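Okay, so here's the structure we're looking at.
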Amino acid sequence: MALPAPSPASDPESQISCPLDDLEIDRDAPVSEQALQVLKTVYGYDAFRGKQAEVIDSLLEKKCTLAVMPTGMGKSICFQIPAMIFGGLTLVVSPLVALMEDQVMALKLAGIPADSINSTRTREENVAIWRKVAAGELRMLYIAPERLMTERMLAALAKLSVNLIAIDEAHCISRWGPSFRPDYEGLSRLHDFFPKAPIAALTATADETTREDIADKLFPRNDEGKRLGDVIVSGFDRPNIRLSVTQRNDWKKQLLDFVEARKEQSGIVYCLSRRKTEEVTAFLQENGLRAFAYHAGLDKTVRAAAQSRFMREAGVVMVATIAFGMGIDKPDVRYVFHTNLPSNMEAYAQEIGRAGRDGAPSEAMMLYGLDDIKMRRSFIDNEGGDDDHRAREHKRLDALLAYCEAPQCRRQALLSYFGEDIKACGNCDVCLDPPRLTDGTVQAHKLIEVVESTGQSFGAVQMIDILRGLTHEKIKRFGHEKLSCHGAGKETSKEDWRAIVRQMVATGFFKLDIANHGALKLTDKSISLKMGEIRFAYRPDVMGPAELSRPRRAKSNLPQLDNADQDLFEALRQCRTELAREHKVPAYVIFSDKTLHDMAIQKPTTRPDFLLVHGVGSSKQRKFADTFIDVIEAWMG
């Protein structure tokens with residue numbers, strides 16, 4: 001696309017930095033107070049959630065910032081508010097066109113001038129949008145990394161006042177992340193082109209190794225080589241999602257029983273291949289379910305139509321490969337079902353995070369079998385990359401297997417991988433139906449001894465070989481055959497040792513050092529076991545059959561409405577549906593259920609009162625107040 005030069009009549013410094021017409025910010029107030037003013041005026045919220053304020057403060061101090069926040073915790077607000085306070089142009093790098101379009105539409109409805117340049121638009125449309133950018137008429141420009149990092153685009157943007165760069169789904173830049181995209185690697189050069197613009201990198205899923213890799217690629221360094229910027233991690237827990245894993249035996253029956261029991265709910269079924277995606281879709285359709293396939297091999301118009309129905313209709317099942325889901329904002333996805341083992345813990349956490357964004361009870365069910373493990377090992381060995389890369393990916397898979405075999409709370413195992421410690425959750429299959437455990441304290445003591453004796457520098461394979469008394473070249477090279485613990489575990493099979501190691505990792509007795517070839521590291525818990533303060537029990541038969549969880553009613557996490565107010569709430573929902581159809585957006589983009597719930601309680605009948613409803617900003621007040629007030633007045637009679 002040839003980019004027209006900025007118009008001389010539109011000096012970027014004076015034009016782009018003008019505040020929004022309807023946004024009154026007290027520029028003499030501290031920036032943190034300005035941020036709260038924007039939050040209330042534009043979004044209609046009274047307070048920030050989680051670590052939103054910390055991320056915003058870091059960016060307002062012009063620091064590059066990596067924010068790792070759970071899905072549904074409002075990552076977009078973290079860069080949108082600084083964008084409005086800074087003025088100028090904010091570039092938002094996004095990996096998917098559908099994601100760009102949804103976010104741009106939501107911003108426009110909130111009164112924020114934003115648009116995207118992307119491959120689905122004609123050249124004339126993209127040129128018209130660029131002219132708006134050059135004239136200072138847009139505050140945010142959404143763009144894919146491959147289009148941004150062309151020499152022509154970079155040269156054109158360098159002439160404008162780019163004051164902030166936001167990189168959504170930032171794990172895509174890391175080779176250790178769950179969805180690496182080569183196009184993202186070029187983003188590591190952004191600071192060279194825009195040295196005054198802080199970079200906001202945002203993701204819902206990144207372990208410590210991935211976080212370090214993202215920061216190394218995006219953050220600048222000072223003259224002494226020290227990396228500059230903030231890494232803010234707000235936690236990974238989604239307590240409303242019930243976690244379950246079971247052995248795959250008759251997978252079609254298992255899947256059908258699960259989905260049929262949730263026929264009125266929206267869900268995602270993940271499959272390992274395109275072929276299986278088509279097979280599962282046909283199977284569900286044959287059984288009377290509204291299921292649609294989504295994978296990269298389908299025509300883009302077919303994919304777009306399937307996604308549109310999923311986003312706008314209830315009770316639709318999307319059967320997909322991992323090509324579907326990144327950035328999906330549908331709040332009422334009630335379940336995510338994995339027919340196969342995901343690639344690693346990060347990918348799994350990201351995929352189940354698409355359920356229950358509205359905070360209501362949701363479910364994540366995974367089937368897995370021995371053939372999954374073999375296939376995943378094969379994928380890693382054949383995907384390319386050096387030995388170090390393959391070794392790390394195998395260790396990541398080991399961590400996922402540890403999660404599958406967790407003898408105690410499954411959520412503890414998941415969050416432990418990301419460096420969080422929690423009490424037993426009471427909302428996973430292991431907590432709700434505890435498995436039969438075998439005491440493994442003696443074996444655990446032996447493992448701790450060998451890990452200590454070898455300096456906490458080796459992985460599970462070497463530890464098990466030492467305990468079983470092997471004398472191969474690697475054991476001799478490090479003199480491990482001379483250790484007193486060499487051969488101390490001969491009576492335990494190799495398979496049992498592997499299960500014990502995985503379950504000790506899952507329950508926090510060892511930490512898996514992914515960056516150091518999966519070396520086992522002692523923890524406070526392993527020290528307590530060594531001192532005799534606690535014991536260790538494990539599941540000897542982790543592949544045994546288990547019951548699939550029964551569906552839970554997706555109760556609202558909002559206060560109960562009385563019958564009359566519930567009728568008004570339903571009338572407001574119907575009004576929202578009609579407006580969404582008119583504006584060609586998902587219903588939640590108009591207003592969330594929480595906003596309608598508050599509207600049903602407050603019953604505003606004037607425009608000023610309408611602005612007091614949770615989630616109503618000034619732009620949406622102007623666009624929608626009269627329509628909803630009409631519904632309320634008609635209901636009141």
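Every chain in the structure tokens has a letter given in the order shown (A, B, ...), and although residue numbers restart at 1 in each chain, ligands are simply numbered from 1 in the order shown.
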
Residues of range 104-135 of chain A in alpha helix (DSSP H), written as a ChimeraX atom specification:
/A:104-109,123-134

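For range 16-89 of chain A, backbone-based DSSP labels the following residues as strand (DSSP E or B): Thr65, Leu66, Ala67, Val68 and Leu89 of chain A.
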
Could you tell me which of A:Val127, A:Ala135, A:Val245, A:Val442 comes closest to Ala364 in chain A if we count only C-alpha atoms?
A:Val245

Give me the residues near range 177-192 of chain A as an MDAnalysis selection string, where near means some atom within 9 Å (using only C-alpha atoms) and where sequence neighbours in that chain fewer than 5 positions away do not count.
chainID A and resid 95 144:146 148:149 165 167 169:172 197:199 205:207 209:211 213:214 216:220 322 343:348 350

Write out as a count of residues only which residues come within 12 Å of Ser116 in chain A when counting only C-alpha atoms, dropping same-chain ones fewer than 2 positions away.
40

Any idea what's packed within 8 Å of range 331-338 of chain A, counting only C-alpha atoms, ignoring anything in its chain fewer than 4 positions away? Could you give it as a VMD selection string?
chain A and resid 72 265 to 271 342 351 to 352 354 to 358 360 to 367 554 588

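Using only C-alpha atoms for every distance, the candidate list A:Leu298, A:Cys78, A:Ala506, A:Val616 yields A:Val616 as the residue closest to Phe591 in chain A.
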
What is the distance, in Å and to one decimal place, between CA of Lys63 in chain A and CA of Asp223 in chain A?
16.4 Å

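Between Ser174 in chain A and the residues A:Ala201, A:Glu151, A:Lys196, A:Tyr45, the shortest atom-to-atom distance, using only C-alpha atoms, involves A:Ala201.
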
Show me, as a tab-separated table, the residues of range 468-548 of chain A having an atom within 9 Å of range 414-433 of chain A, each with the closest atom pair and its distance in Å, using only C-alpha atoms.
```
residue	atom	partner	partner_atom	distance
A:Val505	CA	A:Tyr417	CA	8.7
A:Ala506	CA	A:Ser416	CA	7.4
A:Thr507	CA	A:Ser416	CA	7.9
A:Gly508	CA	A:Ser416	CA	6.7
A:Lys511	CA	A:Tyr417	CA	7.9
A:Leu512	CA	A:Tyr417	CA	8.1
A:Leu548	CA	A:Asp429	CA	8.9
```

How far is it from CA of Cys64 in chain A to CA of Val31 in chain A, in Å with one decimal?
16.8 Å

Skipping near chain neighbours, those fewer than 3 positions away, what residues fall within 12 Å of Asp388 in chain A using only C-alpha atoms, listed as a PyMOL selection string?
chain A and resi 175-176+380-381+384-385+391-395+514-518
